[in-house]
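S.K.: Sharing work.pdb, PDB, C-alpha atoms:
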```pdb
ATOM      1  CA  PRO A   1      74.826 165.961 -88.707
ATOM      2  CA  PRO A   2      75.945 166.414 -85.047
ATOM      3  CA  ARG A   3      77.709 169.536 -83.844
ATOM      4  CA  GLY A   4      81.256 169.971 -85.044
ATOM      5  CA  ALA A   5      80.625 168.430 -88.461
ATOM      6  CA  ALA A   6      81.605 171.653 -90.212
ATOM      7  CA  HIS A   7      84.868 171.725 -88.264
ATOM      8  CA  PHE A   8      85.416 168.063 -89.090
ATOM      9  CA  TRP A   9      84.996 168.553 -92.797
ATOM     10  CA  ALA A  10      87.041 171.763 -92.693
ATOM     11  CA  CYS A  11      90.024 169.963 -91.070
ATOM     12  CA  PRO A  12      90.946 166.475 -92.270
ATOM     13  CA  PRO A  13      90.617 163.895 -89.413
ATOM     14  CA  THR A  14      94.290 162.835 -89.328
ATOM     15  CA  GLN A  15      95.808 166.314 -89.095
ATOM     16  CA  PHE A  16      93.140 167.366 -86.601
ATOM     17  CA  PHE A  17      93.906 164.650 -84.070
ATOM     18  CA  VAL A  18      97.699 164.848 -84.565
ATOM     19  CA  GLY A  19      97.518 168.512 -83.601
ATOM     20  CA  LYS A  20      95.532 167.668 -80.507
ATOM     21  CA  VAL A  21      98.011 165.006 -79.451
ATOM     22  CA  MET A  22     100.993 167.325 -79.957
ATOM     23  CA  ARG A  23      99.458 170.050 -77.876
ATOM     24  CA  THR A  24      98.594 167.585 -75.098
ATOM     25  CA  ALA A  25     102.125 166.174 -75.087
ATOM     26  CA  THR A  26     103.597 169.644 -74.915
ATOM     27  CA  PHE A  27     101.550 170.491 -71.880
ATOM     28  CA  ALA A  28     102.522 167.193 -70.260
ATOM     29  CA  VAL A  29     106.246 167.918 -70.780
ATOM     30  CA  LEU A  30     105.895 171.363 -69.329
ATOM     31  CA  ALA A  31     104.042 169.946 -66.368
ATOM     32  CA  ALA A  32     106.755 167.392 -65.759
ATOM     33  CA  THR A  33     109.474 170.006 -66.113
ATOM     34  CA  VAL A  34     108.113 172.195 -63.381
ATOM     35  CA  SER A  35     106.882 169.385 -61.140
ATOM     36  CA  CYS A  36     109.888 169.750 -58.937
ATOM     37  CA  ALA A  37     109.447 173.461 -58.406
ATOM     38  CA  GLU A  38     108.700 174.750 -54.992
ATOM     39  CA  VAL A  39     105.122 174.800 -53.888
ATOM     40  CA  GLY A  40     103.566 178.221 -53.857
ATOM     41  CA  SER A  41     106.084 179.713 -56.258
ATOM     42  CA  PRO A  42     104.956 181.367 -59.518
ATOM     43  CA  ILE A  43     106.230 178.380 -61.418
ATOM     44  CA  THR A  44     103.916 176.182 -59.412
ATOM     45  CA  LYS A  45     100.957 178.324 -60.410
ATOM     46  CA  VAL A  46     102.004 178.133 -64.007
ATOM     47  CA  VAL A  47     102.252 174.368 -63.784
ATOM     48  CA  GLN A  48      98.828 174.178 -62.201
ATOM     49  CA  LEU A  49      97.479 176.428 -64.916
ATOM     50  CA  LEU A  50      99.057 174.247 -67.594
ATOM     51  CA  LYS A  51      97.640 171.110 -65.971
ATOM     52  CA  GLY A  52      94.163 172.635 -66.049
ATOM     53  CA  LEU A  53      94.627 173.663 -69.645
ATOM     54  CA  ALA A  54      95.829 170.153 -70.530
ATOM     55  CA  SER A  55      92.800 168.642 -68.821
ATOM     56  CA  LYS A  56      90.526 171.009 -70.740
ATOM     57  CA  VAL A  57      92.209 170.224 -74.036
ATOM     58  CA  THR A  58      91.951 166.511 -73.296
ATOM     59  CA  ASN A  59      88.251 166.814 -72.509
ATOM     60  CA  GLU A  60      87.679 168.797 -75.666
ATOM     61  CA  GLY A  61      89.578 166.195 -77.663
ATOM     62  CA  GLU A  62      87.470 163.404 -76.163
ATOM     63  CA  ALA A  63      84.276 165.375 -76.901
ATOM     64  CA  GLU A  64      85.366 165.978 -80.446
ATOM     65  CA  GLN A  65      86.286 162.297 -80.746
ATOM     66  CA  ARG A  66      82.785 161.380 -79.689
ATOM     67  CA  GLU A  67      81.387 163.855 -82.191
ATOM     68  CA  TYR A  68      83.672 162.399 -84.825
ATOM     69  CA  GLU A  69      82.459 158.876 -84.032
ATOM     70  CA  GLN A  70      78.853 160.087 -84.199
ATOM     71  CA  LEU A  71      79.551 161.738 -87.527
ATOM     72  CA  VAL A  72      81.159 158.568 -88.845
ATOM     73  CA  ALA A  73      78.143 156.559 -87.669
ATOM     74  CA  PHE A  74      75.821 159.076 -89.319
ATOM     75  CA  CYS A  75      77.788 158.909 -92.553
ATOM     76  CA  GLU A  76      77.775 155.115 -92.465
ATOM     77  CA  ASP A  77      74.028 155.038 -91.835
ATOM     78  CA  ASN A  78      73.492 157.619 -94.540
ATOM     79  CA  ALA A  79      75.680 155.631 -96.924
ATOM     80  CA  LYS A  80      73.703 152.458 -96.187
ATOM     81  CA  SER A  81      70.461 154.370 -96.742
ATOM     82  CA  LEU A  82      71.756 155.759-100.010
ATOM     83  CA  GLN A  83      72.885 152.314-101.138
ATOM     84  CA  HIS A  84      69.475 150.913-100.224
ATOM     85  CA  ASN A  85      67.777 153.734-102.143
ATOM     86  CA  LEU A  86      70.078 153.193-105.096
ATOM     87  CA  LYS A  87      69.230 149.500-105.103
ATOM     88  CA  ASN A  88      65.495 150.214-104.890
ATOM     89  CA  ASN A  89      65.736 152.894-107.552
ATOM     90  CA  GLY A  90      67.644 150.500-109.764
ATOM     91  CA  GLU A  91      64.908 147.921-109.364
ATOM     92  CA  LYS A  92      62.284 150.587-110.037
ATOM     93  CA  LYS A  93      64.253 151.685-113.094
ATOM     94  CA  GLU A  94      64.254 148.136-114.442
ATOM     95  CA  SER A  95      60.541 147.809-113.699
ATOM     96  CA  LEU A  96      59.776 151.134-115.387
ATOM     97  CA  GLU A  97      61.906 150.202-118.393
ATOM     98  CA  ALA A  98      59.972 146.935-118.682
ATOM     99  CA  THR A  99      56.717 148.871-118.393
ATOM    100  CA  ILE A 100      57.849 151.330-121.070
ATOM    101  CA  GLU A 101      58.886 148.477-123.340
ATOM    102  CA  LYS A 102      55.512 146.789-122.894
ATOM    103  CA  ALA A 103      53.748 150.125-123.468
ATOM    104  CA  ASN A 104      55.687 150.612-126.703
ATOM    105  CA  ALA A 105      54.709 147.107-127.808
ATOM    106  CA  ASP A 106      51.082 147.843-126.916
ATOM    107  CA  ILE A 107      51.292 151.083-128.892
ATOM    108  CA  GLU A 108      52.486 149.171-131.939
ATOM    109  CA  VAL A 109      49.612 146.702-131.561
ATOM    110  CA  VAL A 110      47.089 149.525-131.153
ATOM    111  CA  ASP A 111      48.554 151.384-134.129
ATOM    112  CA  THR A 112      48.172 148.219-136.204
ATOM    113  CA  LYS A 113      44.568 147.825-135.087
ATOM    114  CA  ILE A 114      43.880 151.495-135.810
ATOM    115  CA  SER A 115      45.323 151.069-139.289
ATOM    116  CA  GLU A 116      43.227 147.961-139.864
ATOM    117  CA  LEU A 117      40.112 149.698-138.553
ATOM    118  CA  SER A 118      40.817 152.721-140.728
ATOM    119  CA  ASN A 119      41.066 150.475-143.771
ATOM    120  CA  SER A 120      37.886 148.672-142.727
ATOM    121  CA  ILE A 121      36.077 151.985-142.252
ATOM    122  CA  ALA A 122      37.259 153.210-145.627
ATOM    123  CA  GLN A 123      36.106 149.960-147.251
ATOM    124  CA  ALA A 124      32.790 150.136-145.401
ATOM    125  CA  GLU A 125      32.272 153.707-146.570
ATOM    126  CA  GLU A 126      32.955 152.657-150.147
ATOM    127  CA  ASP A 127      30.537 149.731-149.794
ATOM    128  CA  LEU A 128      27.938 152.024-148.263
ATOM    129  CA  ASP A 129      28.393 154.524-151.076
ATOM    130  CA  ARG A 130      27.879 151.795-153.678
ATOM    131  CA  ALA A 131      24.938 150.405-151.734
ATOM    132  CA  THR A 132      23.404 153.888-151.499
ATOM    133  CA  LYS A 133      23.676 154.423-155.230
ATOM    134  CA  LEU A 134      22.211 150.980-155.889
ATOM    135  CA  ARG A 135      19.412 151.545-153.360
ATOM    136  CA  ASN A 136      18.541 154.895-154.906
ATOM    137  CA  GLN A 137      18.448 153.333-158.358
ATOM    138  CA  GLU A 138      16.347 150.417-157.104
ATOM    139  CA  HIS A 139      13.957 152.817-155.407
ATOM    140  CA  GLU A 140      13.621 154.907-158.551
ATOM    141  CA  ASP A 141      12.942 151.763-160.591
ATOM    142  CA  TRP A 142      10.366 150.627-158.043
ATOM    143  CA  VAL A 143       8.615 154.000-158.031
ATOM    144  CA  SER A 144       8.379 153.906-161.823
ATOM    145  CA  ALA A 145       7.226 150.277-161.912
ATOM    146  CA  ASP A 146       4.767 150.794-159.066
ATOM    147  CA  ALA A 147       3.241 153.805-160.816
ATOM    148  CA  GLU A 148       2.852 151.778-164.006
ATOM    149  CA  LEU A 149       1.331 148.822-162.141
ATOM    150  CA  MET A 150      -1.039 151.135-160.305
ATOM    151  CA  GLN A 151      -2.084 152.663-163.621
ATOM    152  CA  THR A 152      -2.513 149.188-165.129
ATOM    153  CA  VAL A 153      -4.606 147.952-162.197
ATOM    154  CA  ASP A 154      -6.737 151.097-162.325
ATOM    155  CA  ALA A 155      -7.260 150.737-166.085
ATOM    156  CA  LEU A 156      -8.171 147.055-165.737
ATOM    157  CA  GLN A 157     -10.607 147.730-162.912
ATOM    158  CA  ARG A 158     -12.323 150.469-164.915
ATOM    159  CA  ALA A 159     -12.408 148.269-168.034
ATOM    160  CA  ILE A 160     -13.921 145.426-166.016
ATOM    161  CA  ASN A 161     -16.565 147.782-164.656
ATOM    162  CA  ILE A 162     -17.460 148.904-168.209
ATOM    163  CA  VAL A 163     -17.761 145.306-169.412
ATOM    164  CA  LYS A 164     -19.763 144.288-166.348
ATOM    165  CA  LYS A 165     -22.172 147.196-166.790
ATOM    166  CA  GLY A 166     -22.759 146.241-170.430
ATOM    167  CA  LEU A 167     -23.192 142.543-169.679
ATOM    168  CA  THR A 168     -26.867 141.514-170.022
ATOM    169  CA  HIS A 169     -28.648 138.699-168.227
ATOM    170  CA  ASP A 170     -28.316 136.440-171.244
ATOM    171  CA  GLY A 171     -24.523 136.851-171.540
ATOM    172  CA  PHE A 172     -24.352 139.518-174.237
ATOM    173  CA  VAL A 173     -22.320 142.737-173.829
ATOM    174  CA  GLN A 174     -24.059 145.918-174.887
ATOM    175  CA  VAL A 175     -22.322 149.312-174.488
ATOM    176  CA  ASP A 176     -22.728 152.701-176.113
ATOM    177  CA  GLN A 177     -20.167 154.329-178.339
ATOM    178  CA  GLN A 178     -18.678 156.458-175.547
ATOM    179  CA  ALA A 179     -18.229 153.487-173.203
ATOM    180  CA  ALA A 180     -16.699 151.452-176.014
ATOM    181  CA  GLN A 181     -14.196 154.218-176.675
ATOM    182  CA  ARG A 182     -13.267 154.389-172.993
ATOM    183  CA  LEU A 183     -12.858 150.618-172.954
ATOM    184  CA  ALA A 184     -10.612 150.707-176.004
ATOM    185  CA  SER A 185      -8.559 153.497-174.421
ATOM    186  CA  LEU A 186      -8.179 151.557-171.164
ATOM    187  CA  LEU A 187      -7.165 148.399-173.009
ATOM    188  CA  GLN A 188      -4.575 150.433-174.891
ATOM    189  CA  VAL A 189      -3.106 151.505-171.525
ATOM    190  CA  VAL A 190      -2.867 147.849-170.528
ATOM    191  CA  LEU A 191      -1.173 146.993-173.834
ATOM    192  CA  GLU A 192       1.494 149.650-173.222
ATOM    193  CA  ALA A 193       2.299 148.351-169.728
ATOM    194  CA  LYS A 194       5.679 146.574-169.433
ATOM    195  CA  ASN A 195       4.461 144.019-166.957
ATOM    196  CA  VAL A 196       1.782 142.494-169.231
ATOM    197  CA  GLU A 197       2.823 139.232-170.844
ATOM    198  CA  THR A 198       3.239 139.032-174.610
ATOM    199  CA  GLN A 199       0.527 136.374-175.019
ATOM    200  CA  THR A 200      -1.995 138.465-173.129
ATOM    201  CA  LYS A 201      -1.085 141.526-175.160
ATOM    202  CA  ALA A 202      -1.686 139.499-178.335
ATOM    203  CA  GLN A 203      -5.165 138.498-177.108
ATOM    204  CA  LEU A 204      -6.089 142.095-176.276
ATOM    205  CA  THR A 205      -4.645 143.349-179.549
ATOM    206  CA  GLY A 206      -6.629 140.755-181.498
ATOM    207  CA  PHE A 207      -9.793 141.709-179.656
ATOM    208  CA  LEU A 208      -9.354 145.396-180.454
ATOM    209  CA  GLN A 209      -8.360 144.839-184.083
ATOM    210  CA  ALA A 210     -11.265 142.443-184.726
ATOM    211  CA  ARG A 211     -13.750 144.997-183.420
ATOM    212  CA  GLU A 212     -12.158 147.868-185.299
ATOM    213  CA  ASP A 213     -12.725 145.931-188.576
ATOM    214  CA  LYS A 214     -16.482 146.203-188.083
ATOM    215  CA  ASP A 215     -18.315 148.972-189.867
ATOM    216  CA  ASP A 216     -19.695 150.569-186.720
ATOM    217  CA  GLY A 217     -16.703 149.957-184.484
ATOM    218  CA  LEU A 218     -16.475 148.268-181.090
ATOM    219  CA  ALA A 219     -19.771 149.552-179.714
ATOM    220  CA  ALA A 220     -21.757 148.316-182.718
ATOM    221  CA  TYR A 221     -20.104 144.911-182.539
ATOM    222  CA  MET A 222     -20.758 144.474-178.781
ATOM    223  CA  GLN A 223     -24.388 145.544-179.279
ATOM    224  CA  ALA A 224     -24.992 143.178-182.195
ATOM    225  CA  GLY A 225     -26.279 140.422-179.936
ATOM    226  CA  SER A 226     -24.498 137.674-181.826
ATOM    227  CA  LYS A 227     -23.280 134.504-180.195
ATOM    228  CA  THR A 228     -19.736 135.542-180.960
ATOM    229  CA  SER A 229     -20.249 138.828-179.122
ATOM    230  CA  ALA A 230     -21.525 137.039-176.027
ATOM    231  CA  ASP A 231     -18.620 134.612-176.052
ATOM    232  CA  ALA A 232     -16.156 137.433-176.634
ATOM    233  CA  GLY A 233     -17.615 139.511-173.800
ATOM    234  CA  SER A 234     -17.259 136.651-171.347
ATOM    235  CA  ALA A 235     -13.754 135.905-172.555
ATOM    236  CA  ILE A 236     -12.592 139.486-172.326
ATOM    237  CA  LEU A 237     -14.091 139.802-168.836
ATOM    238  CA  ASP A 238     -12.171 136.711-167.700
ATOM    239  CA  THR A 239      -8.981 137.982-169.316
ATOM    240  CA  LEU A 240      -9.302 141.401-167.738
ATOM    241  CA  GLY A 241     -10.011 139.871-164.317
ATOM    242  CA  GLU A 242      -6.994 137.607-164.606
ATOM    243  CA  LEU A 243      -4.803 140.522-165.634
ATOM    244  CA  GLU A 244      -6.096 142.652-162.762
ATOM    245  CA  ASN A 245      -5.350 139.920-160.214
ATOM    246  CA  LYS A 246      -1.899 139.346-161.659
ATOM    247  CA  ALA A 247      -1.040 143.052-161.751
ATOM    248  CA  SER A 248      -2.290 143.533-158.184
ATOM    249  CA  GLY A 249      -0.206 140.571-157.056
ATOM    250  CA  GLN A 250       2.864 141.871-158.851
ATOM    251  CA  ARG A 251       2.431 145.259-157.259
ATOM    252  CA  ALA A 252       2.054 143.763-153.782
ATOM    253  CA  ASP A 253       5.160 141.588-154.282
ATOM    254  CA  ALA A 254       7.131 144.564-155.556
ATOM    255  CA  GLN A 255       6.090 146.623-152.532
ATOM    256  CA  LYS A 256       7.255 143.827-150.177
ATOM    257  CA  LYS A 257      10.592 143.594-151.978
ATOM    258  CA  GLU A 258      11.009 147.356-151.794
ATOM    259  CA  THR A 259      10.248 147.353-148.069
ATOM    260  CA  GLN A 260      12.735 144.531-147.457
ATOM    261  CA  ALA A 261      15.406 146.192-149.597
ATOM    262  CA  GLN A 262      14.988 149.450-147.699
ATOM    263  CA  PHE A 263      15.180 147.601-144.370
ATOM    264  CA  ASN A 264      18.387 145.821-145.438
ATOM    265  CA  TYR A 265      19.889 149.114-146.529
ATOM    266  CA  ASP A 266      18.987 150.792-143.236
ATOM    267  CA  MET A 267      20.584 147.906-141.331
ATOM    268  CA  LEU A 268      23.734 148.297-143.451
ATOM    269  CA  LYS A 269      24.114 151.894-142.248
TER
END
```
Kindly return the structure encoded in the file as structure tokens.
M.R.:
Amino acid sequence: PPRGAAHFWACPPTQFFVGKVMRTATFAVLAATVSCAEVGSPITKVVQLLKGLASKVTNEGEAEQREYEQLVAFCEDNAKSLQHNLKNNGEKKESLEATIEKANADIEVVDTKISELSNSIAQAEEDLDRATKLRNQEHEDWVSADAELMQTVDALQRAINIVKKGLTHDGFVQVDQQAAQRLASLLQVVLEAKNVETQTKAQLTGFLQAREDKDDGLAAYMQAGSKTSADAGSAILDTLGELENKASGQRADAQKKETQAQFNYDMLK
């Protein structure tokens, strides 16, 4: 604020200027009273002194009036600025309140989504846990089945080799006692396999039982050179070959299914 503001606020404007006017009037009266005094007398000097003092007081009053007017203008400008700031702050307040309200609404939406996602995650974890248990069980079943199929295929291939080695040029099958025992043992492995069909098992069982009824066992029967032995050797070779192809195919299909199941499980994670 301009100079004199402290004095202005210390003395209320009305009382301040009334005092000034009273003092000025007093000096004017005194000046008029002694105006008729003789020139050069002490009274004249006093009058002159009072006139100078009145002029000084008047000038000071005018200066203070100007300062007062400046202060009023400053206060008015400051008041306008404050009103403008209040208006802008009010608008900002409304804008911020709207922003806060929207933020609160967004928070509610996000909280809802978080809750939904949490439920989805929990459900997914449960599904994954069930899928993991199922996959582990499926894998264990496949390992067991694959081992059995591999054993079946191996037994069939070895049995086929024994029959082929004993097959003569005229269609008869001739094997020694040791080879016949190995063949019977291999066929027994095939009979115990879960993947062999019931009809095929019946054929192999009949073949073994028919040979065991002979006095000298399977080797003696296959070396007898009868027509029946030749026909039986060819039939058993065909049966074993068919079983080997089927078991190999089943094993290959099971391996593909296992690979696909593992891939699907990995994609689920």
S.K.: For the atom pair atom CA of Asp127 of chain A and atom CA of Gln262 of chain A, what is the interatomic distance in Å to one decimal place?
M.R.: 15.7 Å
S.K.: Show which residues sit within 12 Å of Lys256 of chain A, as a ChimeraX atom specification. Count all atoms listed in the file, and ignore same-chain residues fewer than 6 positions away.
M.R.: /A:142,146,249-250,262-263
S.K.: For the PyMOL selection byres ((chain A and resi 149) around 8), applied here, can you spell out every residue it catches as a ChimeraX atom specification?
M.R.: /A:145-148,150-153,193,195,247-248,250-251
S.K.: In Å, how far is it from atom CA of Leu186 of chain A to atom CA of Glu140 of chain A?
M.R.: 25.4 Å
S.K.: When you look at Leu187 of chain A with a cut-off of 12 Å (counting only C-alpha atoms), what residues show up, excluding the ones that are within fewer than 5 positions of it in the same chain? I need them as a compact mmCIF listing (two decimals) with C-alpha atoms, in the frame of the given file.
M.R.:
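So selection_18.txt came out as:
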```txt
# COMPACT_ATOMS: atom_id res chain seq x y z
CA GLN A 151 -2.08 152.66 -163.62
CA THR A 152 -2.51 149.19 -165.13
CA VAL A 153 -4.61 147.95 -162.20
CA ASP A 154 -6.74 151.10 -162.32
CA ALA A 155 -7.26 150.74 -166.08
CA LEU A 156 -8.17 147.06 -165.74
CA GLN A 157 -10.61 147.73 -162.91
CA ARG A 158 -12.32 150.47 -164.92
CA ALA A 159 -12.41 148.27 -168.03
CA ILE A 160 -13.92 145.43 -166.02
CA ILE A 162 -17.46 148.90 -168.21
CA VAL A 163 -17.76 145.31 -169.41
CA ALA A 180 -16.70 151.45 -176.01
CA GLN A 181 -14.20 154.22 -176.68
CA ARG A 182 -13.27 154.39 -172.99
CA GLU A 192 1.49 149.65 -173.22
CA ALA A 193 2.30 148.35 -169.73
CA VAL A 196 1.78 142.49 -169.23
CA THR A 200 -2.00 138.46 -173.13
CA LYS A 201 -1.08 141.53 -175.16
CA ALA A 202 -1.69 139.50 -178.34
CA GLN A 203 -5.16 138.50 -177.11
CA LEU A 204 -6.09 142.10 -176.28
CA THR A 205 -4.64 143.35 -179.55
CA GLY A 206 -6.63 140.76 -181.50
CA PHE A 207 -9.79 141.71 -179.66
CA LEU A 208 -9.35 145.40 -180.45
CA GLN A 209 -8.36 144.84 -184.08
CA ILE A 236 -12.59 139.49 -172.33
CA LEU A 237 -14.09 139.80 -168.84
CA THR A 239 -8.98 137.98 -169.32
CA LEU A 240 -9.30 141.40 -167.74
CA LEU A 243 -4.80 140.52 -165.63
CA GLU A 244 -6.10 142.65 -162.76
```
S.K.: Grab the atom CA of Lys194 of chain A to atom CA of Asn245 of chain A distance for me, in Å with one decimal place.
M.R.: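 Computing the Euclidean distance for atom CA of Lys194 of chain A and atom CA of Asn245 of chain A yields 15.8 Å.
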S.K.: Looking at A:Asn161, A:Glu69, A:Leu183, A:Ser81, which one is nearest to Gly241 of chain A, with distances taken over only C-alpha atoms?
M.R.: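 The shortest atom-to-atom distance to Gly241 of chain A comes from A:Asn161.
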S.K.: For a quick check of understanding, using only C-alpha atoms, which of A:Ala254, A:Val110, A:Val57, A:Cys75 has the smallest distance to Glu138 of chain A?
M.R.: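 So, comparing all the options, the nearest one is A:Ala254.
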S.K.: Give me the result of the PyMOL selection byres ((chain A and resi 139) around 12) on this file, residue by residue, as a compact mmCIF listing (two decimals) with C-alpha atoms, in the coordinates of the input.
M.R.:
```txt
# COMPACT_ATOMS: atom_id res chain seq x y z
CA ALA A 131 24.94 150.40 -151.73
CA THR A 132 23.40 153.89 -151.50
CA LYS A 133 23.68 154.42 -155.23
CA LEU A 134 22.21 150.98 -155.89
CA ARG A 135 19.41 151.54 -153.36
CA ASN A 136 18.54 154.90 -154.91
CA GLN A 137 18.45 153.33 -158.36
CA GLU A 138 16.35 150.42 -157.10
CA GLU A 140 13.62 154.91 -158.55
CA ASP A 141 12.94 151.76 -160.59
CA TRP A 142 10.37 150.63 -158.04
CA VAL A 143 8.62 154.00 -158.03
CA SER A 144 8.38 153.91 -161.82
CA ALA A 145 7.23 150.28 -161.91
CA ASP A 146 4.77 150.79 -159.07
CA ALA A 254 7.13 144.56 -155.56
CA GLN A 255 6.09 146.62 -152.53
CA LYS A 257 10.59 143.59 -151.98
CA GLU A 258 11.01 147.36 -151.79
CA THR A 259 10.25 147.35 -148.07
CA GLN A 260 12.74 144.53 -147.46
CA ALA A 261 15.41 146.19 -149.60
CA GLN A 262 14.99 149.45 -147.70
CA TYR A 265 19.89 149.11 -146.53
```
S.K.: If I only want segment 89-105 of chain A, can you write it with N, CA, C and O atoms, as a PDB file, in the first residue's frame?
M.R.:
```pdb
ATOM      1  N   ASN A  89     -11.502 -19.630  -8.018  1.00  0.00           N
ATOM      2  CA  ASN A  89     -11.327 -20.739  -7.080  1.00  0.00           C
ATOM      3  C   ASN A  89     -12.616 -21.518  -6.887  1.00  0.00           C
ATOM      4  O   ASN A  89     -12.602 -22.736  -6.692  1.00  0.00           O
ATOM      5  N   GLY A  90     -13.737 -20.793  -6.921  1.00  0.00           N
ATOM      6  CA  GLY A  90     -15.021 -21.486  -6.836  1.00  0.00           C
ATOM      7  C   GLY A  90     -15.245 -22.407  -8.017  1.00  0.00           C
ATOM      8  O   GLY A  90     -15.713 -23.551  -7.858  1.00  0.00           O
ATOM      9  N   GLU A  91     -14.896 -21.887  -9.218  1.00  0.00           N
ATOM     10  CA  GLU A  91     -15.024 -22.726 -10.409  1.00  0.00           C
ATOM     11  C   GLU A  91     -14.077 -23.922 -10.339  1.00  0.00           C
ATOM     12  O   GLU A  91     -14.442 -25.045 -10.699  1.00  0.00           O
ATOM     13  N   LYS A  92     -12.839 -23.659  -9.865  1.00  0.00           N
ATOM     14  CA  LYS A  92     -11.888 -24.757  -9.717  1.00  0.00           C
ATOM     15  C   LYS A  92     -12.390 -25.772  -8.696  1.00  0.00           C
ATOM     16  O   LYS A  92     -12.221 -26.973  -8.874  1.00  0.00           O
ATOM     17  N   LYS A  93     -12.991 -25.258  -7.619  1.00  0.00           N
ATOM     18  CA  LYS A  93     -13.536 -26.148  -6.589  1.00  0.00           C
ATOM     19  C   LYS A  93     -14.604 -27.061  -7.185  1.00  0.00           C
ATOM     20  O   LYS A  93     -14.621 -28.280  -6.946  1.00  0.00           O
ATOM     21  N   GLU A  94     -15.510 -26.463  -7.974  1.00  0.00           N
ATOM     22  CA  GLU A  94     -16.549 -27.275  -8.606  1.00  0.00           C
ATOM     23  C   GLU A  94     -15.943 -28.304  -9.553  1.00  0.00           C
ATOM     24  O   GLU A  94     -16.373 -29.456  -9.602  1.00  0.00           O
ATOM     25  N   SER A  95     -14.921 -27.851 -10.327  1.00  0.00           N
ATOM     26  CA  SER A  95     -14.268 -28.776 -11.251  1.00  0.00           C
ATOM     27  C   SER A  95     -13.575 -29.913 -10.502  1.00  0.00           C
ATOM     28  O   SER A  95     -13.671 -31.090 -10.893  1.00  0.00           O
ATOM     29  N   LEU A  96     -12.883 -29.554  -9.410  1.00  0.00           N
ATOM     30  CA  LEU A  96     -12.190 -30.581  -8.622  1.00  0.00           C
ATOM     31  C   LEU A  96     -13.184 -31.526  -7.960  1.00  0.00           C
ATOM     32  O   LEU A  96     -12.936 -32.737  -7.872  1.00  0.00           O
ATOM     33  N   GLU A  97     -14.306 -30.989  -7.482  1.00  0.00           N
ATOM     34  CA  GLU A  97     -15.324 -31.849  -6.884  1.00  0.00           C
ATOM     35  C   GLU A  97     -15.878 -32.826  -7.913  1.00  0.00           C
ATOM     36  O   GLU A  97     -16.118 -34.007  -7.603  1.00  0.00           O
ATOM     37  N   ALA A  98     -16.091 -32.313  -9.154  1.00  0.00           N
ATOM     38  CA  ALA A  98     -16.561 -33.203 -10.221  1.00  0.00           C
ATOM     39  C   ALA A  98     -15.518 -34.268 -10.538  1.00  0.00           C
ATOM     40  O   ALA A  98     -15.847 -35.446 -10.756  1.00  0.00           O
ATOM     41  N   THR A  99     -14.239 -33.842 -10.542  1.00  0.00           N
ATOM     42  CA  THR A  99     -13.165 -34.806 -10.796  1.00  0.00           C
ATOM     43  C   THR A  99     -13.099 -35.863  -9.707  1.00  0.00           C
ATOM     44  O   THR A  99     -12.931 -37.061  -9.972  1.00  0.00           O
ATOM     45  N   ILE A 100     -13.244 -35.406  -8.441  1.00  0.00           N
ATOM     46  CA  ILE A 100     -13.217 -36.352  -7.317  1.00  0.00           C
ATOM     47  C   ILE A 100     -14.386 -37.320  -7.400  1.00  0.00           C
ATOM     48  O   ILE A 100     -14.240 -38.528  -7.158  1.00  0.00           O
ATOM     49  N   GLU A 101     -15.555 -36.781  -7.751  1.00  0.00           N
ATOM     50  CA  GLU A 101     -16.736 -37.644  -7.877  1.00  0.00           C
ATOM     51  C   GLU A 101     -16.544 -38.696  -8.962  1.00  0.00           C
ATOM     52  O   GLU A 101     -16.870 -39.870  -8.770  1.00  0.00           O
ATOM     53  N   LYS A 102     -15.983 -38.257 -10.100  1.00  0.00           N
ATOM     54  CA  LYS A 102     -15.723 -39.205 -11.190  1.00  0.00           C
ATOM     55  C   LYS A 102     -14.662 -40.221 -10.759  1.00  0.00           C
ATOM     56  O   LYS A 102     -14.768 -41.418 -11.071  1.00  0.00           O
ATOM     57  N   ALA A 103     -13.631 -39.746 -10.031  1.00  0.00           N
ATOM     58  CA  ALA A 103     -12.591 -40.662  -9.565  1.00  0.00           C
ATOM     59  C   ALA A 103     -13.173 -41.705  -8.618  1.00  0.00           C
ATOM     60  O   ALA A 103     -12.822 -42.890  -8.681  1.00  0.00           O
ATOM     61  N   ASN A 104     -14.081 -41.262  -7.734  1.00  0.00           N
ATOM     62  CA  ASN A 104     -14.719 -42.218  -6.824  1.00  0.00           C
ATOM     63  C   ASN A 104     -15.541 -43.245  -7.591  1.00  0.00           C
ATOM     64  O   ASN A 104     -15.542 -44.436  -7.247  1.00  0.00           O
ATOM     65  N   ALA A 105     -16.253 -42.771  -8.630  1.00  0.00           N
ATOM     66  CA  ALA A 105     -17.020 -43.702  -9.463  1.00  0.00           C
ATOM     67  C   ALA A 105     -16.095 -44.680 -10.177  1.00  0.00           C
ATOM     68  O   ALA A 105     -16.381 -45.891 -10.263  1.00  0.00           O
TER      69      ALA A 105
END
```
